[in-house]
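Have a look at upload.csv below; it lists CSV, C-alpha atoms and all ligand atoms.
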```
chain,number,residue,atom,x,y,z
K,1,MET,CA,107.6,124.1,123.5
K,2,GLU,CA,108.1,124.9,127.2
K,3,ASN,CA,107.2,121.3,128.3
K,4,PHE,CA,109.8,119.8,126.1
K,5,ASN,CA,113.4,119.2,127.2
K,6,GLU,CA,116.3,120.6,125.2
K,7,LEU,CA,116.8,117.6,123.0
K,8,GLN,CA,113.1,117.4,122.2
K,9,GLN,CA,113.0,121.1,121.3
K,10,GLU,CA,116.0,120.5,118.9
K,11,ILE,CA,114.1,117.6,117.3
K,12,LEU,CA,111.0,119.8,116.8
K,13,ARG,CA,113.2,122.5,115.3
K,14,LEU,CA,114.9,120.1,112.9
K,15,LYS,CA,111.6,118.6,112.0
K,16,GLN,CA,110.2,121.9,111.0
K,17,LYS,CA,113.3,123.1,109.2
K,18,LYS,CA,113.5,120.0,107.1
K,19,ASN,CA,109.8,119.6,106.6
K,20,ALA,CA,110.0,116.0,107.9
K,21,LEU,CA,107.2,113.7,109.1
K,22,VAL,CA,108.2,111.8,112.2
K,23,LEU,CA,106.1,108.7,113.0
K,24,ALA,CA,106.5,106.6,116.1
K,25,HIS,CA,105.4,103.1,117.1
K,26,TYR,CA,103.6,102.7,120.4
K,27,TYR,CA,106.5,100.6,121.9
K,28,VAL,CA,109.2,103.3,121.5
K,29,PRO,CA,110.0,105.4,124.6
K,30,LEU,CA,107.2,107.9,125.5
K,31,GLU,CA,109.6,110.8,125.3
K,32,VAL,CA,110.2,109.9,121.6
K,33,GLN,CA,106.4,109.4,121.0
K,34,ASP,CA,105.9,112.9,122.4
K,35,VAL,CA,107.8,114.6,119.6
K,36,ALA,CA,106.3,112.5,116.8
K,37,ASP,CA,103.6,113.8,114.4
K,38,ALA,CA,101.7,110.6,114.9
K,39,VAL,CA,101.9,107.4,117.0
K,40,CYS,CA,100.6,104.3,115.3
K,41,ASP,CA,100.7,100.5,114.8
K,42,SER,CA,103.4,99.4,112.4
K,43,PHE,CA,101.4,99.2,109.2
K,44,ALA,CA,99.4,102.4,110.0
K,45,MET,CA,102.8,104.2,110.1
K,46,ALA,CA,103.5,103.1,106.5
K,47,GLN,CA,100.0,104.1,105.4
K,48,ARG,CA,100.3,107.5,107.1
K,49,ALA,CA,103.7,108.1,105.4
K,50,ALA,CA,102.2,107.3,102.0
K,51,ARG,CA,99.3,109.8,102.5
K,52,ALA,CA,101.5,112.6,103.8
K,53,PRO,CA,102.7,115.5,101.7
K,54,GLU,CA,106.2,115.4,103.2
K,55,ASP,CA,109.0,113.7,101.2
K,56,LEU,CA,111.2,113.1,104.2
K,57,ILE,CA,109.8,110.4,106.6
K,58,VAL,CA,111.4,109.2,109.8
K,59,ILE,CA,110.1,105.9,111.2
K,60,CYS,CA,110.7,105.5,114.9
K,61,GLY,CA,110.5,101.8,115.1
K,62,VAL,CA,112.3,98.6,114.1
K,63,ARG,CA,113.7,97.8,110.6
K,64,PHE,CA,110.7,96.0,109.1
K,65,MET,CA,108.5,99.1,109.9
K,66,GLY,CA,110.9,101.3,107.9
K,67,GLU,CA,110.8,98.8,105.1
K,68,SER,CA,107.0,98.8,105.0
K,69,ALA,CA,107.0,102.6,104.8
K,70,LYS,CA,109.5,102.5,101.9
K,71,ILE,CA,107.5,99.9,100.1
K,72,LEU,CA,104.4,102.1,100.2
K,73,SER,CA,106.4,105.3,99.4
K,74,PRO,CA,109.3,104.3,97.1
K,75,GLU,CA,109.7,107.9,95.9
K,76,LYS,CA,110.2,109.3,99.4
K,77,THR,CA,113.3,109.3,101.6
K,78,VAL,CA,112.6,107.0,104.6
K,79,LEU,CA,115.0,107.2,107.6
K,80,LEU,CA,115.4,104.8,110.5
K,81,PRO,CA,116.9,106.5,113.6
K,82,SER,CA,118.4,103.2,114.9
K,83,PRO,CA,119.4,100.9,112.1
K,84,ASP,CA,120.5,98.2,114.5
K,85,ALA,CA,116.9,98.0,115.9
K,86,GLY,CA,115.7,94.8,114.3
K,87,CYS,CA,112.8,92.4,115.2
K,88,PRO,CA,113.9,89.0,116.3
K,89,MET,CA,110.6,87.5,115.2
K,90,ALA,CA,111.0,89.0,111.7
K,91,ASP,CA,114.5,87.5,111.6
K,92,MET,CA,113.3,84.0,112.4
K,93,VAL,CA,111.9,83.4,108.9
K,94,THR,CA,113.8,83.8,105.6
K,95,ARG,CA,112.8,83.9,102.0
K,96,GLU,CA,114.3,80.4,101.6
K,97,ASP,CA,112.1,79.1,104.5
K,98,VAL,CA,109.0,80.4,102.7
K,99,LEU,CA,110.0,78.9,99.3
K,100,ARG,CA,110.6,75.5,101.1
K,101,LEU,CA,107.2,75.6,102.8
K,102,LYS,CA,105.6,76.4,99.4
K,103,ARG,CA,107.3,73.4,97.9
K,104,GLU,CA,106.1,71.2,100.8
K,105,HIS,CA,102.5,72.4,100.5
K,106,PRO,CA,101.9,73.2,96.9
K,107,GLY,CA,98.2,73.8,97.4
K,108,ALA,CA,98.6,76.4,100.1
K,109,GLN,CA,98.8,80.2,99.9
K,110,VAL,CA,101.3,82.0,102.0
K,111,MET,CA,100.0,84.6,104.5
K,112,CYS,CA,102.7,86.7,106.0
K,113,TYR,CA,102.4,88.8,109.2
K,114,VAL,CA,103.6,92.4,108.5
K,115,ASN,CA,106.3,91.8,111.2
K,116,SER,CA,108.6,90.3,108.6
K,117,SER,CA,111.3,91.4,106.2
K,118,ALA,CA,110.6,92.8,102.7
K,119,ALA,CA,112.3,89.7,101.2
K,120,VAL,CA,109.8,87.5,103.0
K,121,LYS,CA,106.8,89.6,102.0
K,122,ALA,CA,108.1,89.5,98.4
K,123,VAL,CA,107.6,85.7,98.2
K,124,SER,CA,104.3,85.6,100.1
K,125,ASP,CA,100.8,85.7,98.6
K,126,VAL,CA,99.3,88.2,101.0
K,127,CYS,CA,100.2,90.1,104.2
K,128,CYS,CA,98.2,90.6,107.3
K,129,THR,CA,98.3,92.7,110.5
K,130,SER,CA,97.2,91.4,113.9
K,131,SER,CA,93.8,93.1,113.4
K,132,SER,CA,93.2,92.0,109.8
K,133,ALA,CA,94.5,88.4,110.1
K,134,LEU,CA,91.2,86.7,110.7
K,135,ARG,CA,89.4,88.5,107.9
K,136,ILE,CA,92.3,87.8,105.4
K,137,ALA,CA,92.5,84.1,106.3
K,138,LYS,CA,88.7,83.7,105.8
K,139,ALA,CA,88.8,85.6,102.5
K,140,LEU,CA,91.8,83.8,100.9
K,141,PRO,CA,90.5,81.6,98.1
K,142,CYS,CA,92.2,78.4,99.2
K,143,ASP,CA,91.7,75.6,101.8
K,144,GLU,CA,95.3,75.6,103.0
K,145,ILE,CA,97.3,78.5,104.5
K,146,ILE,CA,101.0,78.7,105.3
K,147,PHE,CA,101.3,81.3,108.0
K,148,VAL,CA,104.7,83.0,108.7
K,149,PRO,CA,106.4,83.9,110.9
K,150,ASP,CA,104.4,84.1,114.2
K,151,LYS,CA,103.2,80.7,115.5
K,152,HIS,CA,101.1,82.3,118.2
K,153,LEU,CA,99.2,84.7,115.9
K,154,GLY,CA,99.0,81.8,113.4
K,155,SER,CA,97.5,79.4,115.9
K,156,TYR,CA,95.0,82.1,117.1
K,157,VAL,CA,93.9,82.6,113.5
K,158,ALA,CA,93.8,78.8,112.9
K,159,GLY,CA,91.6,78.3,116.0
K,160,ASN,CA,89.1,80.9,114.6
K,161,VAL,CA,89.1,79.7,111.0
K,162,PRO,CA,88.6,75.9,111.6
K,163,GLU,CA,87.4,75.3,108.0
K,164,LYS,CA,91.0,75.7,106.7
K,165,THR,CA,94.2,73.8,107.2
K,166,PHE,CA,97.1,75.9,108.5
K,167,TRP,CA,100.8,75.2,108.3
K,168,LEU,CA,102.5,77.4,110.8
K,169,HIS,CA,106.1,78.6,110.8
K,170,ASP,CA,107.6,78.3,114.3
K,171,GLY,CA,108.7,82.0,114.8
K,172,PHE,CA,107.6,84.0,117.8
K,173,CYS,CA,108.0,87.4,119.4
K,174,PRO,CA,110.4,86.9,122.3
K,175,THR,CA,108.8,89.8,124.2
K,176,HIS,CA,105.2,88.4,124.0
K,177,HIS,CA,106.3,84.8,124.2
K,178,LYS,CA,108.0,85.3,127.6
K,179,ILE,CA,104.7,86.0,129.3
K,180,ALA,CA,103.4,82.8,131.0
K,181,GLU,CA,99.9,81.8,132.0
K,182,ALA,CA,101.1,81.9,135.6
K,183,ASP,CA,101.9,85.6,135.2
K,184,VAL,CA,98.3,86.2,134.0
K,185,LEU,CA,96.8,84.2,136.8
K,186,ALA,CA,98.9,86.0,139.4
K,187,ALA,CA,97.9,89.4,138.0
K,188,LYS,CA,94.2,88.4,137.9
K,189,LYS,CA,94.4,87.2,141.5
K,190,ALA,CA,96.0,90.5,142.6
K,191,HIS,CA,93.4,92.5,140.6
K,192,PRO,CA,90.2,90.4,140.5
K,193,ALA,CA,88.0,93.2,139.2
K,194,ALA,CA,90.2,94.0,136.2
K,195,VAL,CA,89.4,93.2,132.6
K,196,PHE,CA,92.3,91.7,130.5
K,197,ALA,CA,93.3,93.0,127.1
K,198,VAL,CA,95.9,90.9,125.4
K,199,HIS,CA,97.9,90.9,122.1
K,200,PRO,CA,97.6,87.7,120.0
K,201,GLU,CA,101.4,87.5,119.8
K,202,CYS,CA,101.2,86.0,123.3
K,203,GLY,CA,100.9,82.2,123.7
K,204,GLU,CA,97.6,80.4,123.5
K,205,ASP,CA,97.5,79.7,127.3
K,206,VAL,CA,97.7,83.5,127.9
K,207,VAL,CA,95.4,84.7,125.1
K,208,LYS,CA,92.6,82.4,126.2
K,209,HIS,CA,92.2,84.5,129.3
K,210,GLY,CA,91.6,87.7,127.3
K,211,ASP,CA,88.4,89.7,127.5
K,212,LEU,CA,89.8,91.4,124.4
K,213,VAL,CA,92.3,89.9,122.0
K,214,GLY,CA,93.6,92.5,119.6
K,215,SER,CA,96.3,94.7,118.1
K,216,THR,CA,98.0,97.5,120.0
K,217,ALA,CA,95.5,100.0,118.6
K,218,GLU,CA,92.6,97.8,119.5
K,219,ILE,CA,93.9,97.3,123.0
K,220,LEU,CA,94.2,101.1,123.5
K,221,ASP,CA,90.7,101.6,122.1
K,222,PHE,CA,89.3,99.0,124.4
K,223,ALA,CA,91.0,100.6,127.4
K,224,ARG,CA,89.6,104.0,126.5
K,225,LYS,CA,86.0,102.7,126.0
K,226,THR,CA,85.5,100.1,128.6
K,227,ASP,CA,83.5,101.0,131.7
K,228,ALA,CA,85.8,98.8,133.8
K,229,PRO,CA,87.8,100.9,136.2
K,230,GLU,CA,90.7,98.4,136.3
K,231,ILE,CA,92.5,97.0,133.2
K,232,LEU,CA,95.2,94.4,132.8
K,233,ILE,CA,97.4,94.9,129.7
K,234,GLY,CA,98.9,91.9,128.0
K,235,THR,CA,101.4,93.7,125.7
K,236,GLU,CA,104.6,95.8,125.7
K,237,SER,CA,105.2,97.9,128.8
K,238,GLU,CA,105.1,101.3,127.0
K,239,ILE,CA,101.4,100.8,126.4
K,240,VAL,CA,100.9,100.5,130.2
K,241,GLU,CA,102.8,103.8,130.7
K,242,ARG,CA,100.9,105.5,127.9
K,243,LEU,CA,97.5,104.4,129.3
K,244,ARG,CA,98.4,105.4,132.9
K,245,ARG,CA,99.2,108.9,131.6
K,246,GLU,CA,96.1,109.1,129.3
K,247,LEU,CA,93.5,107.6,131.7
K,248,PRO,CA,94.3,108.8,135.2
K,249,GLY,CA,90.9,107.8,136.4
K,250,LYS,CA,91.5,104.1,135.6
K,251,LYS,CA,93.8,101.7,137.2
K,252,ILE,CA,96.1,100.2,134.5
K,253,TYR,CA,98.3,97.2,135.4
K,254,GLY,CA,100.9,95.3,133.4
K,255,VAL,CA,101.2,91.5,133.4
K,256,GLY,CA,104.6,90.2,134.5
K,257,SER,CA,107.6,92.5,135.2
K,258,SER,CA,109.6,92.3,132.0
K,259,PHE,CA,107.3,93.0,129.1
K,260,VAL,CA,109.8,95.1,127.2
K,261,CYS,CA,111.0,95.0,123.6
K,262,PRO,CA,114.7,95.9,123.8
K,263,ASN,CA,114.9,96.8,120.1
K,264,MET,CA,112.1,99.4,120.4
K,265,LYS,CA,114.0,101.0,123.3
K,266,LYS,CA,117.0,101.6,121.0
K,267,VAL,CA,115.0,104.4,119.4
K,268,THR,CA,116.1,107.1,121.7
K,269,LEU,CA,115.8,110.9,121.5
K,270,GLU,CA,119.6,111.1,120.8
K,271,ALA,CA,119.2,108.6,117.9
K,272,LEU,CA,116.2,110.5,116.5
K,273,CYS,CA,118.0,113.9,116.7
K,274,GLU,CA,121.1,112.6,115.0
K,275,CYS,CA,119.1,110.9,112.3
K,276,LEU,CA,117.2,114.1,111.5
K,277,ARG,CA,120.2,116.4,111.7
K,278,ASP,CA,122.4,114.3,109.4
K,279,GLU,CA,119.5,112.7,107.3
K,280,LYS,CA,121.1,109.4,107.8
K,281,TYR,CA,120.2,105.7,107.8
K,282,LYS,CA,118.1,105.7,104.7
K,283,VAL,CA,116.0,102.6,104.0
K,284,GLU,CA,116.9,101.2,100.6
K,285,LEU,CA,115.4,98.1,99.0
K,286,PRO,CA,116.2,96.3,95.7
K,287,PRO,CA,113.4,97.4,93.2
K,288,ALA,CA,112.3,93.9,92.3
K,289,GLU,CA,111.9,93.0,96.0
K,290,LEU,CA,110.1,96.2,96.8
K,291,ASN,CA,107.6,95.7,93.9
K,292,ALA,CA,106.9,92.1,94.8
K,293,ALA,CA,106.4,93.0,98.5
K,294,ARG,CA,104.1,95.8,97.5
K,295,VAL,CA,101.8,93.2,95.7
K,296,SER,CA,101.4,91.3,99.0
K,297,LEU,CA,100.7,94.4,101.0
K,298,ASP,CA,98.3,95.8,98.4
K,299,LYS,CA,96.4,92.5,98.4
K,300,MET,CA,96.0,92.8,102.2
K,301,VAL,CA,94.6,96.3,101.9
K,302,ASN,CA,92.2,95.4,99.1
K,303,SER,CA,90.9,92.0,100.4
A,401,LIG,S1,107.7,93.5,120.3
A,401,LIG,FE1,108.2,91.5,119.3
A,401,LIG,S2,107.3,91.6,117.3
A,401,LIG,FE2,107.4,93.7,118.1
A,401,LIG,S3,109.4,94.5,117.3
A,401,LIG,FE3,109.7,93.7,119.4
A,401,LIG,S4,110.4,91.6,119.0
A,401,LIG,FE4,109.5,92.3,117.1
```
Please go through the file and, once you have read it, give me the structure as structure tokens.
Amino acid sequence: MENFNELQQEILRLKQKKNALVLAHYYVPLEVQDVADAVCDSFAMAQRAARAPEDLIVICGVRFMGESAKILSPEKTVLLPSPDAGCPMADMVTREDVLRLKREHPGAQVMCYVNSSAAVKAVSDVCCTSSSALRIAKALPCDEIIFVPDKHLGSYVAGNVPEKTFWLHDGFCPTHHKIAEADVLAAKKAHPAAVFAVHPECGEDVVKHGDLVGSTAEILDFARKTDAPEILIGTESEIVERLRRELPGKKIYGVGSSFVCPNMKKVTLEALCECLRDEKYKVELPPAELNAARVSLDKMVNS
């Protein structure tokens, strides 16, 4: 444990003492990722928690990630180190919005990005991740799809599934939405040999420049495997830091200067240590909501 600071060592001790599984999302600070048992995309954290033998799970991420873990592992104790870390995009759509859209488009099925609350998942027909969205949309047995909450991921899917009609909710991730096409063009001009890997939560005019459009895990995989020595990253800044550390032989650049999710940065070492020590901030969901949300998540996994 000699490379860890005092707080990190205390977290590792608590983890062992309590037989807890700590899972971190790629966007939380690297020093938090370093003490986690695994670092994953949001839904992968929930799946990992469900497979694990541990009964105490700590999800280092925002609220909807803790909810997804609880939905897949209702019998386990799921803790969130920073209960005030929410996701502005998830908060942009409510259960009532989904019910209204269903009334307006009675022939459509509701496809819900996992970056959403349990209440919204509970009234949706199927969930999707950014990596499974195209496959799920193609496989849904309907001609019309209501997509919530991310208008950017929704329009990316709609553009690639032209045989279906899409009704998009107008939510967006403020962190990815902020990046403009001008930022990409400036970065490409500064690094003309670089390939560009971008997340589909960015706007259409940004995504169209991508050599790879994919989830966080797909972006990491692309960066590791590409022969290109220079890579431009179109997603949250922690990915740039992670790749710079992991791939010292490659040049990794961010796009724009403020690609930061402030909610993910609320998950600090102090918050994680306190949460583990006091076993506090348990994720609780009403059983009916949990069970209904589980149906939408299971359908995603099985379709
Ligand atoms: S990066 Fe965007 S979608 Fe992800 S948690 Fe932050 S606000 Fe939500």
Exercise. Counting all atoms listed in the file, which protein, DNA or RNA residues come within 8 Å of ligand LIG 401 (chain A), given as number ranges by chain?
Worked result: K: 27, 61-62, 86-90, 115, 172-176, 201, 236, 260-264
Problem set entry | Residues near Glu181 of chain K, cut-off 9 Å, all atoms listed in the file, skip fewer than 4 positions along chain, as a ChimeraX atom specification | /K:185-186,203-207,209
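For the pair atom CA of Arg294 of chain K and atom CA of Ile71 of chain K, the separation is 5.9 Å.
Shell of Asp278 of chain K at 12 Å, with only C-alpha atoms counted and residues fewer than 6 places along the chain excluded, is Ile11, Leu14, Lys15, Lys18, Leu79, Leu80, Pro81, Ala271 and Leu272 of chain K.
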Excluding same-chain residues fewer than 3 positions from segment 123-126 of chain K, what lies within 7 Å of it counting only C-alpha atoms, as a compact mmCIF listing (two decimals) with C-alpha atoms, in the frame of the given file?
```txt
# COMPACT_ATOMS: atom_id res chain seq x y z
CA ARG K 95 112.80 83.90 102.00
CA GLN K 109 98.80 80.20 99.90
CA VAL K 110 101.30 82.00 102.00
CA MET K 111 100.00 84.60 104.50
CA CYS K 112 102.70 86.70 106.00
CA ALA K 119 112.30 89.70 101.20
CA VAL K 120 109.80 87.50 103.00
CA SER K 296 101.40 91.30 99.00
CA LEU K 297 100.70 94.40 101.00
CA LYS K 299 96.40 92.50 98.40
CA MET K 300 96.00 92.80 102.20
```
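You can rank K:Asp91, K:Asp97, K:Asp221, K:Glu270 by their closest distance to Glu246 of chain K using only C-alpha atoms, and at the top of that list sits K:Asp221.
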Exercise. Can you list, as a PyMOL selection string, every protein, DNA or RNA residue that comes within 12 Å of Arg51 of chain K when you count all atoms listed in the file, leaving out same-chain residues fewer than 4 positions away?
Worked result: chain K and resi 21+44-47+55+57+69+72-73+76
For this session: Enter the distance from atom CA of Leu232 of chain K to atom CA of Leu247 of chain K, in Å, rounded to one decimal.
Result: 13.4 Å
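Note that atom CA of His152 of chain K and atom CA of Ala187 of chain K are 21.3 Å apart.
Distance cut-off 9 Å, centre (114.3, 101.4, 108.5), atoms counted all atoms listed in the file; the residues meeting this are Val58, Ile59, Cys60, Gly61, Val62, Arg63, Phe64, Met65, Gly66, Glu67, Ser68, Ala69, Lys70, Val78, Leu79, Leu80, Pro81, Ser82, Pro83, Ala85, Gly86, Tyr281, Lys282, Val283 and Glu284 of chain K.
You can rank K:His105, K:His191, K:Lys265, K:Lys178 by their closest distance to Cys142 of chain K using only C-alpha atoms, and at the top of that list sits K:His105.
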Each segment 56-150 of chain K residue no farther than 6 Å from segment 165-170 of chain K, nearest pair in Å, only C-alpha atoms, as JSON lines:
```
{"residue": "K:Glu144", "atom": "CA", "partner": "K:Thr165", "partner_atom": "CA", "distance": 4.7}
{"residue": "K:Ile145", "atom": "CA", "partner": "K:Phe166", "partner_atom": "CA", "distance": 4.8}
{"residue": "K:Ile146", "atom": "CA", "partner": "K:Trp167", "partner_atom": "CA", "distance": 4.6}
{"residue": "K:Phe147", "atom": "CA", "partner": "K:Leu168", "partner_atom": "CA", "distance": 4.9}
{"residue": "K:Val148", "atom": "CA", "partner": "K:His169", "partner_atom": "CA", "distance": 5.1}
{"residue": "K:Pro149", "atom": "CA", "partner": "K:His169", "partner_atom": "CA", "distance": 5.3}
```
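Nearest residue to Pro74 of chain K among K:Gly234, K:Pro248, K:Pro162, K:Pro286 is K:Pro286, counting all atoms listed in the file.
Distances here use all atoms listed in the file; by that measure, the residue among K:Ala193, K:Pro200, K:Thr216, K:Tyr156 closest to Cys40 of chain K is K:Thr216.
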For this session: Kindly indicate which residue among K:Tyr113, K:Ser155, K:Pro229, K:Val28 lies nearest to Ile136 of chain K, using all atoms listed in the file for the distances.
Result: K:Tyr113
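Remark: for Tyr26 of chain K, the closest of the candidate residues K:Ala50, K:Cys273, K:Ala133, K:Leu243 is K:Leu243 (distances computed over all atoms listed in the file).
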Could you list, with a cut-off of 10 Å and counting all atoms listed in the file, the residues of segment 175-261 of chain K near segment 30-39 of chain K, each shown with its nearest atom pair and the distance in Å rounded to one decimal, rows sorted by chain and ascending number, as a Markdown table?
```
| residue | atom | partner | partner_atom | distance |
| --- | --- | --- | --- | --- |
| K:Ala217 | CA | K:Val39 | CA | 9.9 |
| K:Glu238 | CA | K:Leu30 | CA | 7.1 |
| K:Ile239 | CA | K:Leu30 | CA | 9.2 |
| K:Glu241 | CA | K:Leu30 | CA | 8.0 |
| K:Arg242 | CA | K:Leu30 | CA | 7.2 |
```
